Structure formats: structure tokens, C-alpha cells
$ cat input32.pdb   # PDB, C-alpha atoms
ATOM      1  CA  MET A   1       2.131  49.861 -38.262  1.00  0.00           C
ATOM      2  CA  GLU A   2       3.975  47.374 -40.513  1.00  0.00           C
ATOM      3  CA  LEU A   3       6.335  50.147 -41.654  1.00  0.00           C
ATOM      4  CA  PHE A   4       7.041  51.084 -38.029  1.00  0.00           C
ATOM      5  CA  LYS A   5       7.863  47.475 -37.178  1.00  0.00           C
ATOM      6  CA  LYS A   6      10.176  47.218 -40.175  1.00  0.00           C
ATOM      7  CA  LEU A   7      12.067  50.393 -39.319  1.00  0.00           C
ATOM      8  CA  SER A   8      12.406  49.451 -35.663  1.00  0.00           C
ATOM      9  CA  LEU A   9      14.064  46.169 -36.639  1.00  0.00           C
ATOM     10  CA  LEU A  10      16.458  47.683 -39.161  1.00  0.00           C
ATOM     11  CA  LEU A  11      17.500  50.945 -37.479  1.00  0.00           C
ATOM     12  CA  LEU A  12      20.020  50.351 -34.702  1.00  0.00           C
ATOM     13  CA  PRO A  13      21.899  52.966 -32.639  1.00  0.00           C
ATOM     14  CA  SER A  14      25.106  53.916 -34.398  1.00  0.00           C
ATOM     15  CA  PHE A  15      27.256  52.790 -31.483  1.00  0.00           C
ATOM     16  CA  LEU A  16      25.979  49.231 -31.946  1.00  0.00           C
ATOM     17  CA  LEU A  17      26.970  49.071 -35.589  1.00  0.00           C
ATOM     18  CA  PRO A  18      30.424  47.726 -36.535  1.00  0.00           C
ATOM     19  CA  LEU A  19      32.868  50.051 -38.227  1.00  0.00           C
ATOM     20  CA  PRO A  20      32.833  49.520 -42.000  1.00  0.00           C
ATOM     21  CA  ALA A  21      35.659  47.392 -43.314  1.00  0.00           C
ATOM     22  CA  LEU A  22      37.519  48.166 -46.487  1.00  0.00           C
ATOM     23  CA  ALA A  23      35.910  46.132 -49.242  1.00  0.00           C
ATOM     24  CA  ARG A  24      36.685  45.538 -52.874  1.00  0.00           C
ATOM     25  CA  ASP A  25      33.987  45.286 -55.526  1.00  0.00           C
ATOM     26  CA  PHE A  26      34.216  43.715 -58.946  1.00  0.00           C
ATOM     27  CA  THR A  27      31.822  42.863 -61.752  1.00  0.00           C
ATOM     28  CA  TYR A  28      31.341  39.520 -63.435  1.00  0.00           C
ATOM     29  CA  THR A  29      29.183  38.538 -66.391  1.00  0.00           C
ATOM     30  CA  TYR A  30      27.414  35.177 -66.169  1.00  0.00           C
ATOM     31  CA  GLU A  31      24.889  33.858 -68.682  1.00  0.00           C
ATOM     32  CA  GLY A  32      24.733  37.287 -70.294  1.00  0.00           C
ATOM     33  CA  GLN A  33      24.026  39.178 -67.070  1.00  0.00           C
ATOM     34  CA  THR A  34      26.527  41.411 -65.248  1.00  0.00           C
ATOM     35  CA  LEU A  35      26.373  41.638 -61.439  1.00  0.00           C
ATOM     36  CA  THR A  36      28.574  43.433 -58.919  1.00  0.00           C
ATOM     37  CA  TYR A  37      30.171  41.442 -56.100  1.00  0.00           C
ATOM     38  CA  THR A  38      31.972  42.404 -52.885  1.00  0.00           C
ATOM     39  CA  VAL A  39      34.956  40.381 -51.684  1.00  0.00           C
ATOM     40  CA  LEU A  40      34.375  38.974 -48.183  1.00  0.00           C
ATOM     41  CA  ASP A  41      37.713  37.237 -47.705  1.00  0.00           C
ATOM     42  CA  GLU A  42      40.659  37.610 -50.079  1.00  0.00           C
ATOM     43  CA  GLU A  43      42.439  34.523 -48.733  1.00  0.00           C
ATOM     44  CA  ALA A  44      39.413  32.242 -48.541  1.00  0.00           C
ATOM     45  CA  LYS A  45      38.278  33.582 -51.927  1.00  0.00           C
ATOM     46  CA  THR A  46      34.674  34.261 -50.900  1.00  0.00           C
ATOM     47  CA  CYS A  47      32.335  37.025 -51.994  1.00  0.00           C
ATOM     48  CA  GLU A  48      28.724  38.177 -51.846  1.00  0.00           C
ATOM     49  CA  THR A  49      26.405  39.921 -54.251  1.00  0.00           C
ATOM     50  CA  LYS A  50      26.912  43.626 -53.550  1.00  0.00           C
ATOM     51  CA  ALA A  51      24.819  45.088 -50.736  1.00  0.00           C
ATOM     52  CA  GLY A  52      22.469  48.019 -51.224  1.00  0.00           C
ATOM     53  CA  GLY A  53      21.933  51.078 -49.029  1.00  0.00           C
ATOM     54  CA  TYR A  54      19.469  53.324 -47.215  1.00  0.00           C
ATOM     55  CA  SER A  55      19.534  56.528 -49.258  1.00  0.00           C
ATOM     56  CA  SER A  56      16.309  57.754 -50.881  1.00  0.00           C
ATOM     57  CA  GLY A  57      14.269  55.050 -49.201  1.00  0.00           C
ATOM     58  CA  GLY A  58      16.525  52.203 -50.237  1.00  0.00           C
ATOM     59  CA  VAL A  59      18.980  51.403 -53.012  1.00  0.00           C
ATOM     60  CA  ALA A  60      19.714  48.024 -54.567  1.00  0.00           C
ATOM     61  CA  GLY A  61      23.277  46.783 -54.790  1.00  0.00           C
ATOM     62  CA  ASN A  62      22.444  45.423 -58.240  1.00  0.00           C
ATOM     63  CA  ASN A  63      19.696  47.223 -60.128  1.00  0.00           C
ATOM     64  CA  ILE A  64      18.822  44.807 -62.911  1.00  0.00           C
ATOM     65  CA  SER A  65      15.936  43.482 -64.994  1.00  0.00           C
ATOM     66  CA  GLY A  66      15.107  40.246 -66.798  1.00  0.00           C
ATOM     67  CA  GLU A  67      15.891  36.746 -65.563  1.00  0.00           C
ATOM     68  CA  LEU A  68      18.292  36.630 -62.631  1.00  0.00           C
ATOM     69  CA  SER A  69      21.371  34.401 -62.912  1.00  0.00           C
ATOM     70  CA  ILE A  70      23.644  34.110 -59.878  1.00  0.00           C
ATOM     71  CA  PRO A  71      26.687  31.843 -60.307  1.00  0.00           C
ATOM     72  CA  GLU A  72      28.344  29.711 -57.633  1.00  0.00           C
ATOM     73  CA  VAL A  73      31.730  31.225 -58.571  1.00  0.00           C
ATOM     74  CA  ALA A  74      32.445  34.778 -59.771  1.00  0.00           C
ATOM     75  CA  GLU A  75      35.707  35.904 -61.395  1.00  0.00           C
ATOM     76  CA  ASP A  76      37.306  39.328 -61.017  1.00  0.00           C
ATOM     77  CA  GLU A  77      39.174  41.287 -63.700  1.00  0.00           C
ATOM     78  CA  SER A  78      42.468  39.582 -62.767  1.00  0.00           C
ATOM     79  CA  GLY A  79      41.061  36.089 -63.162  1.00  0.00           C
ATOM     80  CA  ASN A  80      40.763  35.388 -59.419  1.00  0.00           C
ATOM     81  CA  LYS A  81      37.799  33.132 -58.656  1.00  0.00           C
ATOM     82  CA  PHE A  82      35.584  33.771 -55.624  1.00  0.00           C
ATOM     83  CA  THR A  83      32.852  31.498 -54.261  1.00  0.00           C
ATOM     84  CA  VAL A  84      29.535  33.321 -53.822  1.00  0.00           C
ATOM     85  CA  THR A  85      28.617  32.502 -50.210  1.00  0.00           C
ATOM     86  CA  SER A  86      26.109  35.247 -49.453  1.00  0.00           C
ATOM     87  CA  ILE A  87      23.341  37.310 -51.015  1.00  0.00           C
ATOM     88  CA  GLY A  88      24.046  40.759 -49.580  1.00  0.00           C
ATOM     89  CA  PHE A  89      21.729  43.167 -47.741  1.00  0.00           C
ATOM     90  CA  ARG A  90      19.342  44.730 -50.275  1.00  0.00           C
ATOM     91  CA  SER A  91      21.323  43.214 -53.146  1.00  0.00           C
ATOM     92  CA  PHE A  92      18.236  43.180 -55.373  1.00  0.00           C
ATOM     93  CA  TYR A  93      15.983  45.469 -53.321  1.00  0.00           C
ATOM     94  CA  ARG A  94      12.773  46.402 -55.167  1.00  0.00           C
ATOM     95  CA  CYS A  95      14.089  45.234 -58.533  1.00  0.00           C
ATOM     96  CA  THR A  96      10.520  44.832 -59.769  1.00  0.00           C
ATOM     97  CA  GLU A  97      11.607  44.088 -63.345  1.00  0.00           C
ATOM     98  CA  ILE A  98      13.355  40.819 -62.464  1.00  0.00           C
ATOM     99  CA  THR A  99      11.255  37.972 -63.874  1.00  0.00           C
ATOM    100  CA  GLY A 100      11.171  34.184 -64.030  1.00  0.00           C
ATOM    101  CA  ASP A 101      12.316  31.693 -61.413  1.00  0.00           C
ATOM    102  CA  LEU A 102      14.463  32.560 -58.393  1.00  0.00           C
ATOM    103  CA  ASN A 103      17.271  30.028 -58.026  1.00  0.00           C
ATOM    104  CA  ILE A 104      19.778  30.493 -55.207  1.00  0.00           C
ATOM    105  CA  PRO A 105      23.132  28.836 -56.092  1.00  0.00           C
ATOM    106  CA  ASN A 106      24.363  25.868 -54.051  1.00  0.00           C
ATOM    107  CA  SER A 107      27.317  27.873 -52.742  1.00  0.00           C
ATOM    108  CA  VAL A 108      25.210  30.390 -50.786  1.00  0.00           C
ATOM    109  CA  ILE A 109      25.157  30.054 -46.990  1.00  0.00           C
ATOM    110  CA  THR A 110      23.304  33.227 -45.949  1.00  0.00           C
ATOM    111  CA  ILE A 111      20.570  35.320 -47.551  1.00  0.00           C
ATOM    112  CA  GLY A 112      20.789  38.871 -46.206  1.00  0.00           C
ATOM    113  CA  SER A 113      18.123  41.248 -44.936  1.00  0.00           C
ATOM    114  CA  GLU A 114      15.812  42.556 -47.681  1.00  0.00           C
ATOM    115  CA  ALA A 115      17.950  40.791 -50.267  1.00  0.00           C
ATOM    116  CA  PHE A 116      14.961  40.339 -52.612  1.00  0.00           C
ATOM    117  CA  SER A 117      12.453  42.580 -50.807  1.00  0.00           C
ATOM    118  CA  GLY A 118       9.819  43.996 -53.137  1.00  0.00           C
ATOM    119  CA  CYS A 119      10.882  41.938 -56.160  1.00  0.00           C
ATOM    120  CA  SER A 120       7.264  41.512 -57.179  1.00  0.00           C
ATOM    121  CA  GLY A 121       8.105  40.724 -60.815  1.00  0.00           C
ATOM    122  CA  PHE A 122       9.222  37.136 -60.208  1.00  0.00           C
ATOM    123  CA  THR A 123       6.839  34.838 -62.050  1.00  0.00           C
ATOM    124  CA  GLY A 124       8.282  31.422 -61.245  1.00  0.00           C
ATOM    125  CA  SER A 125       9.333  29.167 -58.416  1.00  0.00           C
ATOM    126  CA  LEU A 126      11.750  29.760 -55.535  1.00  0.00           C
ATOM    127  CA  THR A 127      14.542  27.240 -54.972  1.00  0.00           C
ATOM    128  CA  ILE A 128      16.539  27.449 -51.722  1.00  0.00           C
ATOM    129  CA  PRO A 129      19.470  24.978 -51.740  1.00  0.00           C
ATOM    130  CA  GLU A 130      20.682  22.765 -48.880  1.00  0.00           C
ATOM    131  CA  SER A 131      23.744  25.018 -48.491  1.00  0.00           C
ATOM    132  CA  VAL A 132      21.700  27.843 -46.926  1.00  0.00           C
ATOM    133  CA  THR A 133      21.715  28.006 -43.118  1.00  0.00           C
ATOM    134  CA  TYR A 134      20.313  31.497 -42.472  1.00  0.00           C
ATOM    135  CA  ILE A 135      17.521  33.523 -44.089  1.00  0.00           C
ATOM    136  CA  ALA A 136      17.481  37.066 -42.690  1.00  0.00           C
ATOM    137  CA  GLN A 137      14.527  39.326 -41.934  1.00  0.00           C
ATOM    138  CA  PHE A 138      12.480  40.613 -44.881  1.00  0.00           C
ATOM    139  CA  ALA A 139      14.630  38.523 -47.268  1.00  0.00           C
ATOM    140  CA  PHE A 140      11.743  37.767 -49.652  1.00  0.00           C
ATOM    141  CA  ASP A 141       8.953  40.019 -48.382  1.00  0.00           C
ATOM    142  CA  ASP A 142       6.524  41.283 -51.016  1.00  0.00           C
ATOM    143  CA  CYS A 143       7.803  38.822 -53.629  1.00  0.00           C
ATOM    144  CA  SER A 144       4.156  38.342 -54.485  1.00  0.00           C
ATOM    145  CA  GLY A 145       4.800  36.882 -57.930  1.00  0.00           C
ATOM    146  CA  LEU A 146       6.665  33.760 -56.792  1.00  0.00           C
ATOM    147  CA  THR A 147       4.641  30.599 -57.407  1.00  0.00           C
ATOM    148  CA  GLY A 148       4.619  26.917 -56.508  1.00  0.00           C
ATOM    149  CA  ASP A 149       5.561  25.101 -53.317  1.00  0.00           C
ATOM    150  CA  LEU A 150       7.802  26.630 -50.659  1.00  0.00           C
ATOM    151  CA  THR A 151      10.424  24.317 -49.176  1.00  0.00           C
ATOM    152  CA  ILE A 152      12.750  25.460 -46.401  1.00  0.00           C
ATOM    153  CA  PRO A 153      15.589  22.886 -46.551  1.00  0.00           C
ATOM    154  CA  ASN A 154      16.877  21.090 -43.456  1.00  0.00           C
ATOM    155  CA  SER A 155      20.142  23.041 -43.610  1.00  0.00           C
ATOM    156  CA  VAL A 156      18.295  26.216 -42.520  1.00  0.00           C
ATOM    157  CA  THR A 157      18.485  26.796 -38.748  1.00  0.00           C
ATOM    158  CA  ASP A 158      17.301  30.406 -38.509  1.00  0.00           C
ATOM    159  CA  ILE A 159      14.664  32.445 -40.360  1.00  0.00           C
ATOM    160  CA  GLY A 160      14.202  36.152 -39.609  1.00  0.00           C
ATOM    161  CA  ASP A 161      11.028  38.155 -39.054  1.00  0.00           C
ATOM    162  CA  TYR A 162       8.917  38.874 -42.150  1.00  0.00           C
ATOM    163  CA  ALA A 163      11.210  36.689 -44.268  1.00  0.00           C
ATOM    164  CA  PHE A 164       8.364  35.586 -46.599  1.00  0.00           C
ATOM    165  CA  TYR A 165       5.836  38.284 -45.723  1.00  0.00           C
ATOM    166  CA  ASN A 166       3.176  38.777 -48.411  1.00  0.00           C
ATOM    167  CA  CYS A 167       4.507  36.125 -50.783  1.00  0.00           C
ATOM    168  CA  SER A 168       0.881  35.711 -51.764  1.00  0.00           C
ATOM    169  CA  GLY A 169       1.619  34.063 -55.110  1.00  0.00           C
ATOM    170  CA  LEU A 170       3.064  30.886 -53.604  1.00  0.00           C
ATOM    171  CA  LYS A 171       0.451  28.249 -54.382  1.00  0.00           C
ATOM    172  CA  GLY A 172       1.310  24.875 -52.939  1.00  0.00           C
ATOM    173  CA  ASN A 173       2.639  23.114 -49.887  1.00  0.00           C
ATOM    174  CA  LEU A 174       4.858  24.636 -47.212  1.00  0.00           C
ATOM    175  CA  THR A 175       7.679  22.434 -45.902  1.00  0.00           C
ATOM    176  CA  ILE A 176       9.633  23.847 -42.965  1.00  0.00           C
ATOM    177  CA  SER A 177      13.146  22.733 -42.050  1.00  0.00           C
ATOM    178  CA  ASN A 178      13.318  20.324 -39.103  1.00  0.00           C
ATOM    179  CA  SER A 179      16.369  22.278 -37.918  1.00  0.00           C
ATOM    180  CA  VAL A 180      14.432  25.485 -37.203  1.00  0.00           C
ATOM    181  CA  THR A 181      13.784  26.019 -33.480  1.00  0.00           C
ATOM    182  CA  SER A 182      11.618  29.142 -33.700  1.00  0.00           C
ATOM    183  CA  ILE A 183       9.241  30.534 -36.300  1.00  0.00           C
ATOM    184  CA  ALA A 184       9.797  34.281 -36.172  1.00  0.00           C
ATOM    185  CA  GLY A 185       7.188  37.030 -36.166  1.00  0.00           C
ATOM    186  CA  SER A 186       5.182  37.433 -39.389  1.00  0.00           C
ATOM    187  CA  THR A 187       7.529  35.026 -41.192  1.00  0.00           C
ATOM    188  CA  PHE A 188       4.770  33.648 -43.464  1.00  0.00           C
ATOM    189  CA  SER A 189       2.149  36.338 -42.885  1.00  0.00           C
ATOM    190  CA  LEU A 190      -0.176  36.968 -45.868  1.00  0.00           C
ATOM    191  CA  CYS A 191       1.068  33.910 -47.770  1.00  0.00           C
ATOM    192  CA  SER A 192      -2.561  33.322 -48.654  1.00  0.00           C
ATOM    193  CA  GLY A 193      -1.859  30.996 -51.569  1.00  0.00           C
ATOM    194  CA  LEU A 194      -0.226  28.221 -49.547  1.00  0.00           C
ATOM    195  CA  THR A 195      -2.498  25.174 -49.395  1.00  0.00           C
ATOM    196  CA  GLY A 196      -2.769  21.710 -47.876  1.00  0.00           C
ATOM    197  CA  ASP A 197      -1.693  20.760 -44.370  1.00  0.00           C
ATOM    198  CA  LEU A 198       0.398  22.946 -42.100  1.00  0.00           C
ATOM    199  CA  THR A 199       2.837  20.831 -40.118  1.00  0.00           C
ATOM    200  CA  ILE A 200       5.164  22.441 -37.581  1.00  0.00           C
ATOM    201  CA  PRO A 201       8.358  20.322 -37.274  1.00  0.00           C
ATOM    202  CA  ASN A 202       9.367  18.734 -33.969  1.00  0.00           C
ATOM    203  CA  SER A 203      12.412  21.004 -33.714  1.00  0.00           C
ATOM    204  CA  VAL A 204      10.273  24.120 -33.140  1.00  0.00           C
ATOM    205  CA  THR A 205       9.786  25.344 -29.564  1.00  0.00           C
ATOM    206  CA  SER A 206       8.130  28.715 -30.232  1.00  0.00           C
ATOM    207  CA  ILE A 207       5.852  30.288 -32.824  1.00  0.00           C
ATOM    208  CA  LYS A 208       6.016  34.084 -32.670  1.00  0.00           C
ATOM    209  CA  GLY A 209       3.250  36.619 -33.173  1.00  0.00           C
ATOM    210  CA  ASN A 210       1.518  36.754 -36.573  1.00  0.00           C
ATOM    211  CA  ALA A 211       3.803  33.996 -37.899  1.00  0.00           C
ATOM    212  CA  PHE A 212       1.025  32.628 -40.142  1.00  0.00           C
ATOM    213  CA  SER A 213      -1.525  35.458 -39.982  1.00  0.00           C
ATOM    214  CA  GLY A 214      -3.522  35.871 -43.171  1.00  0.00           C
ATOM    215  CA  CYS A 215      -2.624  32.405 -44.472  1.00  0.00           C
ATOM    216  CA  SER A 216      -6.195  31.777 -45.546  1.00  0.00           C
ATOM    217  CA  GLY A 217      -5.387  29.196 -48.214  1.00  0.00           C
ATOM    218  CA  PHE A 218      -4.480  26.252 -45.978  1.00  0.00           C
ATOM    219  CA  THR A 219      -7.129  23.574 -46.541  1.00  0.00           C
ATOM    220  CA  GLY A 220      -5.866  20.654 -44.450  1.00  0.00           C
ATOM    221  CA  ASP A 221      -4.795  19.836 -40.924  1.00  0.00           C
ATOM    222  CA  LEU A 222      -2.769  22.008 -38.569  1.00  0.00           C
ATOM    223  CA  ILE A 223      -0.260  19.899 -36.649  1.00  0.00           C
ATOM    224  CA  ILE A 224       1.578  21.475 -33.716  1.00  0.00           C
ATOM    225  CA  PRO A 225       4.083  19.150 -31.984  1.00  0.00           C
ATOM    226  CA  ASN A 226       4.620  18.737 -28.233  1.00  0.00           C
ATOM    227  CA  SER A 227       7.943  20.555 -28.576  1.00  0.00           C
ATOM    228  CA  VAL A 228       6.148  23.910 -28.958  1.00  0.00           C
ATOM    229  CA  THR A 229       5.932  25.706 -25.600  1.00  0.00           C
ATOM    230  CA  SER A 230       4.778  29.152 -26.707  1.00  0.00           C
ATOM    231  CA  ILE A 231       2.544  30.593 -29.428  1.00  0.00           C
ATOM    232  CA  GLY A 232       2.496  34.386 -29.917  1.00  0.00           C
ATOM    233  CA  ASN A 233      -0.466  36.680 -30.429  1.00  0.00           C
ATOM    234  CA  GLY A 234      -2.171  36.337 -33.789  1.00  0.00           C
ATOM    235  CA  ALA A 235       0.108  33.474 -34.858  1.00  0.00           C
ATOM    236  CA  PHE A 236      -2.696  31.867 -36.906  1.00  0.00           C
ATOM    237  CA  TYR A 237      -4.972  34.877 -37.235  1.00  0.00           C
TER     238      TYR A 237
END

$ encode --input "input32.pdb" --output "C-alpha cells"
Amino acid sequence: MELFKKLSLLLLPSFLLPLPALARDFTYTYEGQTLTYTVLDEEAKTCETKAGGYSSGGVAGNNISGELSIPEVAEDESGNKFTVTSIGFRSFYRCTEITGDLNIPNSVITIGSEAFSGCSGFTGSLTIPESVTYIAQFAFDDCSGLTGDLTIPNSVTDIGDYAFYNCSGLKGNLTISNSVTSIAGSTFSLCSGLTGDLTIPNSVTSIKGNAFSGCSGFTGDLIIPNSVTSIGNGAFY
């Protein structure tokens, strides 16, 4: 059932998909690690970590191991500097041999769909900077090795379905951005290690189905503000 839901969200009719634009990739080595980047705008000098694909069940844009180091600025072979503003779709998809903390650089604005999906080898904390405004669906799902508190900064206005699904290793408090207006379906489902109170911010008007299902570790109060007008099936199952 979960697989069906995931496929139904990701597979769109071909006529709804935009035509691919010509893109230029380059590699850059930072702190001893080489990643591939895709230029988003040549004039604005922006780029993203290279996106992955669908073939053979899913391919990572960057298939790496060890500690992950993403810079704020990447430099191409001609010395042109590009600000890293996005983590691309499936950039690090199922890279189970990535370890340590997961630090998103302060330049990143969006975290793409399945960007870190299945990266179960992380053994440290997750830091999302105030620059991020959008976290796409399945961005961190099955990152079961991440530990510590989970803080969604106030810059974030939108979080996709299943964004933190089965991040069962997170063991601490959950702080949700007061800019988020809706908590999407299964966003924090199976985050069983989160503890303490669960406070929904006053900005939220809806809590979708299974948003917090399987979050058995909460040990404090559940506070739902008057701003919430709808709660989906199984939201706190």
C-alpha cells in the first residue's frame, strides 16, 4: 500500500511534465569529496546537486559514501562560481553508505523529492538552515539512522507528503515551523523516537491523514491550536 501511494504521487502523465531543458553538469571537489552539480541559471550563477533518475528502480545523481560535505558555492572547471540553491531530485537516493551528520548548507532554498530517501547510514543529526523554504515529498524518508532533535525552521512554508517518513532514529523534540499552514500526509509517520510534547503551531489549518501515525515515543502533551479546521484519518494513529 505504501509503495502504491509513493508511485501514485511521483508518476504523472507525460503530457503534464515539462519538456527537459538543456542543462550543464560539472564536478567540484570540496573537503575531499567530489560531487556533480547541474547549472540552474548561468546568469544568476545558481546550481543544484545533480538529480537522479528512474531507471532500475531509481538512480542517485551522486552515488557516494562516507561523510557528506555540500558547499554553499561550487566552482566549475573554468573557475565560475555557482551558489548551491537546491538539493536535486534523488541526488543522494539510497546512498546507504553515507555516514555522520547531515548538514544542509545555508545557501539551499529547496530540498527536492527523494533527495536523501533511503539514506539509512546517517548516524548523526540533521540540520536544516533558515534558508530552506520548501521540503519536497519523501525528501528524508527511511533515513532511519538520523538522531537527535528535529527542527523545521521558520523559513519553511511547505513540507511534502512522507518527507520524514520512518525517520525512526530521531530521538528528541520536534519543532515545526510557524510558517507551515498544512502538515501533509504521513509527513512524520513512524518517527517513533521523537519524544516530549507535540505542539502544532498556530499557522497550521489542516493536519492530513497519517501525519503522525506510529509516533509512539511522544511522552508529553498534544497541543492543537484553534487554527486547525481539519484533521485527516489516522493523523495520530

$ closest_residue --input "input32.pdb" --among "A:Ser131, A:Ser203, A:Ser69, A:Ser168" --to "Thr85 of chain A" --atoms "only C-alpha atoms"
A:Ser131

$ residues_around --input "input32.pdb" --residues "segment 112-126 of chain A" --least-positions-apart "4" --cutoff "9 Å" --atoms "only C-alpha atoms" --output "PyMOL selection string"
chain A and resi 10+51-52+60+67+86-104+134-151+160+163+167+169-170

$ write_last_selection --input "input32.pdb" --atoms "C-alpha atoms" --output "CSV table (one decimal), in the coordinates of the input"
chain,number,residue,atom,x,y,z
A,10,LEU,CA,16.5,47.7,-39.2
A,51,ALA,CA,24.8,45.1,-50.7
A,52,GLY,CA,22.5,48.0,-51.2
A,60,ALA,CA,19.7,48.0,-54.6
A,67,GLU,CA,15.9,36.7,-65.6
A,86,SER,CA,26.1,35.2,-49.5
A,87,ILE,CA,23.3,37.3,-51.0
A,88,GLY,CA,24.0,40.8,-49.6
A,89,PHE,CA,21.7,43.2,-47.7
A,90,ARG,CA,19.3,44.7,-50.3
A,91,SER,CA,21.3,43.2,-53.1
A,92,PHE,CA,18.2,43.2,-55.4
A,93,TYR,CA,16.0,45.5,-53.3
A,94,ARG,CA,12.8,46.4,-55.2
A,95,CYS,CA,14.1,45.2,-58.5
A,96,THR,CA,10.5,44.8,-59.8
A,97,GLU,CA,11.6,44.1,-63.3
A,98,ILE,CA,13.4,40.8,-62.5
A,99,THR,CA,11.3,38.0,-63.9
A,100,GLY,CA,11.2,34.2,-64.0
A,101,ASP,CA,12.3,31.7,-61.4
A,102,LEU,CA,14.5,32.6,-58.4
A,103,ASN,CA,17.3,30.0,-58.0
A,104,ILE,CA,19.8,30.5,-55.2
A,134,TYR,CA,20.3,31.5,-42.5
A,135,ILE,CA,17.5,33.5,-44.1
A,136,ALA,CA,17.5,37.1,-42.7
A,137,GLN,CA,14.5,39.3,-41.9
A,138,PHE,CA,12.5,40.6,-44.9
A,139,ALA,CA,14.6,38.5,-47.3
A,140,PHE,CA,11.7,37.8,-49.7
A,141,ASP,CA,9.0,40.0,-48.4
A,142,ASP,CA,6.5,41.3,-51.0
A,143,CYS,CA,7.8,38.8,-53.6
A,144,SER,CA,4.2,38.3,-54.5
A,145,GLY,CA,4.8,36.9,-57.9
A,146,LEU,CA,6.7,33.8,-56.8
A,147,THR,CA,4.6,30.6,-57.4
A,148,GLY,CA,4.6,26.9,-56.5
A,149,ASP,CA,5.6,25.1,-53.3
A,150,LEU,CA,7.8,26.6,-50.7
A,151,THR,CA,10.4,24.3,-49.2
A,160,GLY,CA,14.2,36.2,-39.6
A,163,ALA,CA,11.2,36.7,-44.3
A,167,CYS,CA,4.5,36.1,-50.8
A,169,GLY,CA,1.6,34.1,-55.1
A,170,LEU,CA,3.1,30.9,-53.6

$ resolve_selection --input "input32.pdb" --expression "the PyMOL selection byres ((chain A and resi 231) around 10)" --output "list in words"
Ile183, Thr205, Ser206, Ile207, Lys208, Gly209, Asn210, Ala211, Val228, Thr229, Ser230, Gly232, Asn233, Gly234, Ala235 and Phe236 of chain A

$ closest_residue --input "input32.pdb" --among "A:Ala184, A:Leu174, A:Val84, A:Ala23" --to "Leu35 of chain A" --atoms "all atoms listed in the file"
A:Val84

$ closest_residue --input "input32.pdb" --among "A:Ser216, A:Thr175, A:Thr27, A:Asn202" --to "Leu190 of chain A" --atoms "all atoms listed in the file"
A:Ser216

$ closest_residue --input "input32.pdb" --among "A:Asp76, A:Ser192, A:Thr219, A:Thr199" --to "Tyr237 of chain A" --atoms "only C-alpha atoms"
A:Ser192

$ atom_distance --input "input32.pdb" --atom1 "atom CA of Ser56 of chain A" --atom2 "atom CA of Thr36 of chain A"
20.5 Å

$ closest_residue --input "input32.pdb" --among "A:Ser177, A:Asp41, A:Ser182, A:Phe218" --to "Leu194 of chain A" --atoms "only C-alpha atoms"
A:Phe218

$ closest_residue --input "input32.pdb" --among "A:Ser213, A:Ala74, A:Phe188, A:Asn106" --to "Asp161 of chain A" --atoms "all atoms listed in the file"
A:Phe188

$ atom_distance --input "input32.pdb" --atom1 "atom CA of Gly217 of chain A" --atom2 "atom CA of Gly172 of chain A"
9.3 Å

$ atom_distance --input "input32.pdb" --atom1 "atom CA of Ile176 of chain A" --atom2 "atom CA of Thr49 of chain A"
25.8 Å

$ residues_around --input "input32.pdb" --residues "Gln33 of chain A" --least-positions-apart "5" --cutoff "10 Å" --atoms "all atoms listed in the file" --output "number ranges by chain"
A: 28, 64-70

$ axis_aligned_box --input "input32.pdb" --around "segment 78-91 of chain A" --padding-each-side "6 Å" --output "JSON"
{"center_x": 30.9, "center_y": 38.1, "center_z": -55.5, "size_x": 35.1, "size_y": 25.2, "size_z": 27.4}

$ build_atoms --input "input32.pdb" --residues "segment 223-233 of chain A" --atoms "N, CA, C and O atoms" --output "tab-separated table (two decimals), in the coordinates of the input"
chain	number	residue	atom	x	y	z
A	223	ILE	N	-0.90	20.81	-37.60
A	223	ILE	CA	-0.26	19.90	-36.65
A	223	ILE	C	0.84	20.65	-35.89
A	223	ILE	O	1.83	21.09	-36.48
A	224	ILE	N	0.62	20.80	-34.58
A	224	ILE	CA	1.58	21.48	-33.72
A	224	ILE	C	2.16	20.44	-32.77
A	224	ILE	O	1.42	19.82	-31.99
A	225	PRO	N	3.48	20.22	-32.80
A	225	PRO	CA	4.08	19.15	-31.98
A	225	PRO	C	4.19	19.53	-30.51
A	225	PRO	O	4.07	20.70	-30.13
A	226	ASN	N	4.47	18.53	-29.68
A	226	ASN	CA	4.62	18.74	-28.23
A	226	ASN	C	5.83	19.60	-27.89
A	226	ASN	O	5.93	20.12	-26.78
A	227	SER	N	6.75	19.75	-28.83
A	227	SER	CA	7.94	20.56	-28.58
A	227	SER	C	7.63	22.04	-28.44
A	227	SER	O	8.39	22.79	-27.81
A	228	VAL	N	6.51	22.49	-29.00
A	228	VAL	CA	6.15	23.91	-28.96
A	228	VAL	C	5.65	24.26	-27.56
A	228	VAL	O	4.70	23.68	-27.06
A	229	THR	N	6.31	25.26	-26.95
A	229	THR	CA	5.93	25.71	-25.60
A	229	THR	C	5.30	27.09	-25.57
A	229	THR	O	4.74	27.49	-24.55
A	230	SER	N	5.40	27.84	-26.67
A	230	SER	CA	4.78	29.15	-26.71
A	230	SER	C	4.30	29.50	-28.11
A	230	SER	O	4.96	29.17	-29.09
A	231	ILE	N	3.14	30.14	-28.17
A	231	ILE	CA	2.54	30.59	-29.43
A	231	ILE	C	2.17	32.06	-29.24
A	231	ILE	O	1.39	32.40	-28.34
A	232	GLY	N	2.72	32.96	-30.07
A	232	GLY	CA	2.50	34.39	-29.92
A	232	GLY	C	1.14	34.85	-30.39
A	232	GLY	O	0.38	34.12	-31.05
A	233	ASN	N	0.82	36.08	-30.05
A	233	ASN	CA	-0.47	36.68	-30.43
A	233	ASN	C	-0.65	36.69	-31.93
A	233	ASN	O	0.26	37.03	-32.68
